Each structure stands twice: as C-alpha cells, then as structure tokens.
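Asker: What follows is a structure written as structure tokens; I'll ask about it next.
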Amino acid sequence: MKNSMTWAEWKLLLRSKKIIVPLIAILFIPVLYAGMFLWAFWNPYANMSDLPVAIVDLDNGAEMDGKQLALGKELTDKLIDSKQFDFKKVSKSDAENGLENEDYYVVIEIPENFSEHATTLLDDEPEKLTIVYKPNEGFNFLSAQIGETAMDRIRAEVNEQVASTYAEKLFDSITEMGDGFGEAADGAGELHDGAAKLSSGADELKGYLETLASSTITLADGSQKLAQGANDAAKGANELNKGLGTLSQGSKDLLAGAQKASAGAGGLKDGIAGYTEGVGQLTASYGQMGQKEQEFNAAVGTLKEKSGQLNGAAGQLSGAAGNLTAGIEGLSTQLAPVLAELSEEQQTAIKETLGQLKQGSAELSGGMKELSAGTASMAAGTTDLNGAAGQLSGAHSQGLAGLEKLNGSSSQLLEGANALASGNDTLVAGLKQFSEGVIAAQKGSSDLATGLTSLTEGTGTLQTGTETLASKSQELAKGSATIADGIVELDEGTLTLQEKLAEANGTASEVNPTDKTYGMVGAPVDVEKDGINQVPNYGTGFAPYFLSLGLFVGALLLSIVFPLVEPAIKPTGAFGWFTSKVSVLAIVGLLQALIAAGVVKFALGMETVNTPLFVLTAIITSYTFIALVQMCVSILSDAGRFVAILVLILQLTTSAGTFPLELIPAPLQIFNTLLPMTYSVQAFKAAISTGNMSFLWMNNGILIGFMVAFLAITFGYFALLYKKRYSKETVEA
C-alpha cells in the first residue's frame, strides 16, 4: 500500500504541469536568494575605487625653518594617486552642493591652517592638524562607515608624514649639536688653562686673608670697651627722661583736673541761675494749681449730689419693672378663659406673644436692678472722690509754702557759685604755665636719651661688626684654602669636560639619518594580522546566513505549489499517506540543497574547508526547514504559513548570522537556542571556515533532532486525520 500511494503521488505530480513547472522553479529559489545576495555582497571593497568622494584643499601652506610646507596639497595628491576611492578635487561650494545632491558619498575638507598647525609642535600651546570629514549618512549609512575606516588610514598617513618631517628636523639638530660639542671641547681646553692660572692666584689670596684675620682681633677688643661706656650713659639718660615724663604726665593731669573744675564751677553757676528761675516759675504754677483745685472740688460736690439723685431714679425704675412683670403675669391668667374659646392657631399666636412679653419684662427688671446697683456704686465713688480732692488741695497748699521759702534762699546760692567759678579760672592759668615748663624739660631729657641710645646702638653695631669681621676674616682665610683646593679640582674637571665633549662630538658625527630613518621615527610600529580561520571576503562570511535563509524560503514556497496534506488517491493507511508526501519533499529538498551549494561553491568560487560536509549540511538544513514548514502548514493550513514566516523573522534576527549574538537585544537572545537556523548557521561556518568537525556534527545532530521531531508531529497529525476521515469507510468496506 505504501508503494502504491507513493507511486500515485509521483504519477500525479509528473502528469500535472500546474504542479511540476512551479516545483522545478522552486528548486532554484534557494540559489536565487543565497546566490544573488552573496554575489552582490561577495567583495564590496573591491569596488571602492568607484565610490565618489570629494576633496576640498583649502590649505594655505606654511614655512618651517626656511622650508615651505604644503601638507594639504601633498595629502590630496597622495589620496588621488592611491585610488582607494574615486577621489575628485573640487571647490568647497561644489563639494557641499554635490553632497546635498548625492553626487558624493563623503567630502574630505583640508582647512586653511593645516600646514600652519604642523609647525607648532615646539610651541607652548601646539595645535593639532584637523581634517574635516563630512559623510551623507542618509544617502548610504555603510558608505559613511567605510569612510570612517578610510579616515583612520588617512590620519595615520598624515601622522607619519608630520612625524617624519619633525624627525628630519630632530636629526639635523643632532648634527648641529655634534658641531657644538666640538666647539665646546675647544672652549673647555681654554677653561682648563684659565683654571691653572686661577689656582696660582688663589694661593696668594690665602696668605693675604690670614694676615687680615689676625689684625681684626685687636680692633674687636677696643670696640667692646667703647660700647660698655655708651651703654651706661644711655641708662642714666633714660632714667632721667622717665622721671620727667612722670612729672609731665602729673602736671598734665593736674591741669586737666583744674580745667574740669573751672568748667564745672561755670556749669554750677549757670545751673543755679536756671534753678532759681525754675523755682520762681514753679511757685507761680502752684498758685494757679490751687485755684483750679478749688474749681475741681466744687465740680466733685455737684457730681456727688447728682449721682445720689440718679441712684433714686434708678430704684424707682427697678420697682416699675417689677410691677410690669407682675402685671403681665396677671394678664396671662385673666386671658386663660378667653384663649380657650379661640382657635388653636390664635391660641398659639397669643401664647407666643405673652411669652415674649414675659421674657422682655424679666430682662428689663434684671437690667433695672443692675442699673440701680451701678448708680449706688457711683454715688459711693463720688463721695470718696470728694474726700480725696480735699486732701489734694491741702497738700498743694503746703508745697506752695515750701517753694516760696526756697525761692527766697536761691539768691545766696547764686552768689557763692560766682565766687567759686572765679577762683577756679585763676588756678587753671597758673597750672598751665607749670605744665608748659615741665613739657620743655621733658623734651630736652628725651633728646638726650635718644642721642645716647643711638650712640649705644652705634657702638653695639660697631662691636658686633668688628667681632663679625674678626670671625668672618678667619672663616675667609679658611675658605680661601678651600677655594684653592676647589680650583685644583676645577682644573681637573675642565680637563675631563674637554675629553668627554670630544667623545660626544665623535658620537654625534656618527649619526647619518636617511629617509628610512625618518620613516621609522614617523611610524615605528607595523601591525601584522595573524588570525585563525581566515575569511577572504564578505560573501564567504555571509554564506552561512544567506544559504539558511534561501533554503527556508524554498521550503516555504514549496508549501504553496505542492499539496502537503491532500492525497493523490484515497489513503489506505496513515503511514502510506505520510510517506507519499515525504518522498516528494525529500527529493525536492535534496535538489534544492545541491543546486544552492553547487552554485555558491563552484559558480561564485567560495572556498570551503570541507566540501562534502558543506554539501551534507546544506541537505540536512533543507530537510529540517521543509519538515518545519510541512508541520506548520499541515496542521494549521494557510495560518501555518503565517506561523512559518514569523519563525523565519525570529530566526533572521536571533541566529547571529550577521552581528554577534551579544550585540542584539537581550530579550531576542532567548530565541537563539530555540530555533533551527541558529544551528544551521553554526554548522555552515564550521564546514566553510573553521573546520571544527566536532562542532559541525553537534549542530547537524541538533538539526536532525529538530527534523525528526517535526516529522513525528506531522505523522501524528496524519494518523489523527486518517482516523477521523477514512477509518469508518475502511471498516464498512
């Protein structure tokens, strides 16, 4: 049964042009995807010479040690000759317009001060050389990235060129320094001769200084005695000046006290006169106050009388308020029978009115009682006020009598104050003359003390100077001996200096730099690339990714032209039904893999470490993807293709076929180990570039595991579908 269903499937396939023609076309889908992509990106750097790049040279040049520098022009010529890009030398405006109009991918601008900055290396604030790089990233982002790589190379070339220029200058300076060493050696010889003469003169100076040291000792002894006498005289003068200073200060204090006493007597005189005048005014005021007090006492008597009358009236009002309250109570009692005959609303209104009258009369009675109490208190207060006014009037009368007596004795006090002020003025005049005499005496003694102090200081300085002269002359004599010894050493040192400078001259003369020497200083380090598993071009590096993509797309399109579930004839069993479909898919998958691998390997010329395993990996990858698509479409029909496309999108972003896995977002990295394209890319890399066979078989094993799982699930679906559709028909038959 199995063979009959398989033969029927193939028979239907071969006879139906609607199926066989699209199926043959699908065989080339993987190679179209993988081959076209890889062909397009096989080695894009090989065509970089066709990439238009504008160069704008604005450099004005500069002069360095008499030589003209034109680094901008040299750099422009080198770049054009290198043919690294399609360099075009244009003006700044043409470059900007070309960049805007997408005529150029990149503009390289060399500024006006390019060469000038190259001459500032030895300045206090050296300026770096700047190259302006202007990419049009919106036009093509990758061209901008390639341009940045090229700019790194250009910068290295400029650095080498500038460093070589400075190296040439450095070696020229070394040559000049060698000549200077020769001249310095000749000068050192002359210095040696002079040092010999200086040594002879130093011996004579040593003898003279020893004689001077012995003579200064006698001078030091005499100056010491002179200093002692001057010091004693200065002490006596200072004591005299101190006593006169004390006397002068006392006379000043006495004069100041007398002046204060005189001023105080004058003030006392003026104060007593003012006091006398004030006593007279106070006496007159007390007389007026007595008159006003009498008027006040009369007013207080009247207030007392009226407060008594007010208190009587308040008592009468309080009694009337009580009578009013009693009358309202009687009225309320008499109206009770009348109210009984009225309506309920009228009774309520009259009762409320009576209640308000009762409340008002009660409040009026209480207020009248408080008013009566207040007027009583007021009457008592006015009685007390009347008594106090009488007492105040008596006290004012006594005060007025005392003031009149005081006013009579003030004239005697004024005469005594006048006599005291006159005596104090006479005392001040005498003390002023005495103070002036003391001040004059103090000034003379102060001048004497100052002069003697200066003499003492001078003799002290003389003594110190002579002692220092004696001490230093001895030290100078000893130093002259040291100088003599040092000059001998100087003579020997100048001889050594002459010999070493001659050697340095010979060494510097041996330096003979060449262009290679300058180049070595400008670029002393070369980088050699010594990697493993070398990938010759972009196509080889992207082949694992694009081959996996092409084979998956081929499997996806295969599900469109070939019915993955619908049988060619009525199934007699689930396994035969499943096998008939798988046999077609296996042949198509094999042919897809062979065509794709063959074109990439032989048509594009891709190098592989192990070609047979490369082809085997392509077959396993093709079968795994076909099994995945068959499972999705068989179970979910058209929705299964949508699921397969989602799986393809996830695989393209998480398989690490382009960027390393660590560079993609962390949430997407989760899908890396869950999807088969990850392992197909890794297996292809091992077969094409790395040659790691254990790694290759591990990834192919995982792919085979995916394939077996997908086929098992698909077979399970066929078994369920067969049982649901055809099992009842088979039993009935």
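Chain labels follow the order of the structure tokens: the first chain is A, the next B, and so on; residue numbering restarts at 1 in every chain, and ligands are counted from 1 in their shown order.
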DSSP on the backbone, alpha helix (DSSP H) only: what residues of region 542-649 of chain A does that give? Format it as a ChimeraX atom specification.
Answerer: /A:542-561,574-598,611-636,638-649
Asker: Quick one: residues within 12 Å of Ala712 (chain A), only C-alpha atoms, excluding same-chain residues fewer than 6 positions away - as a list in words?
Answerer: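 Non-adjacent residues within range: Phe575, Phe578, Thr579, Val582, Ala627, Leu628, Gln630, Met631, Gly705, Phe706, Phe718 and Ala719 of chain A.
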Asker: Name all residues at most 7 Å from Phe684 (chain A) (count only C-alpha atoms; drop same-chain ones fewer than 6 positions away) and give them as a list of chain:residue names.
Answerer: A:Pro544, A:Phe614, A:Thr617
Asker: Skipping near chain neighbours, those fewer than 3 positions away, what residues fall within 8 Å of Ile110 (chain A) using only C-alpha atoms, listed as a ChimeraX atom specification?
Answerer: /A:55-59,72,114,130-132
Asker: Calculated over only C-alpha atoms, which of the candidates A:Thr678, A:Ser559, A:Ser471, A:Ser93 has the smallest distance to Ser637 (chain A)?
Answerer: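 Looking at the shortest contact to Ser637 (chain A), the residue is A:Ser559.
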Asker: I'd like the neighbourhood of Thr120 (chain A) as a PyMOL selection string, where a residue qualifies if any of its atoms comes within 12 Å (using only C-alpha atoms), though same-chain residues fewer than 3 positions away should be ignored.
Answerer: chain A and resi 62-65+113-117+123-129+162+166
Asker: For Ser377 (chain A), which of A:Ala603, A:Ile649, A:Arg15, A:Gly308 is the closest residue, counting only C-alpha atoms?
Answerer: A:Gly308
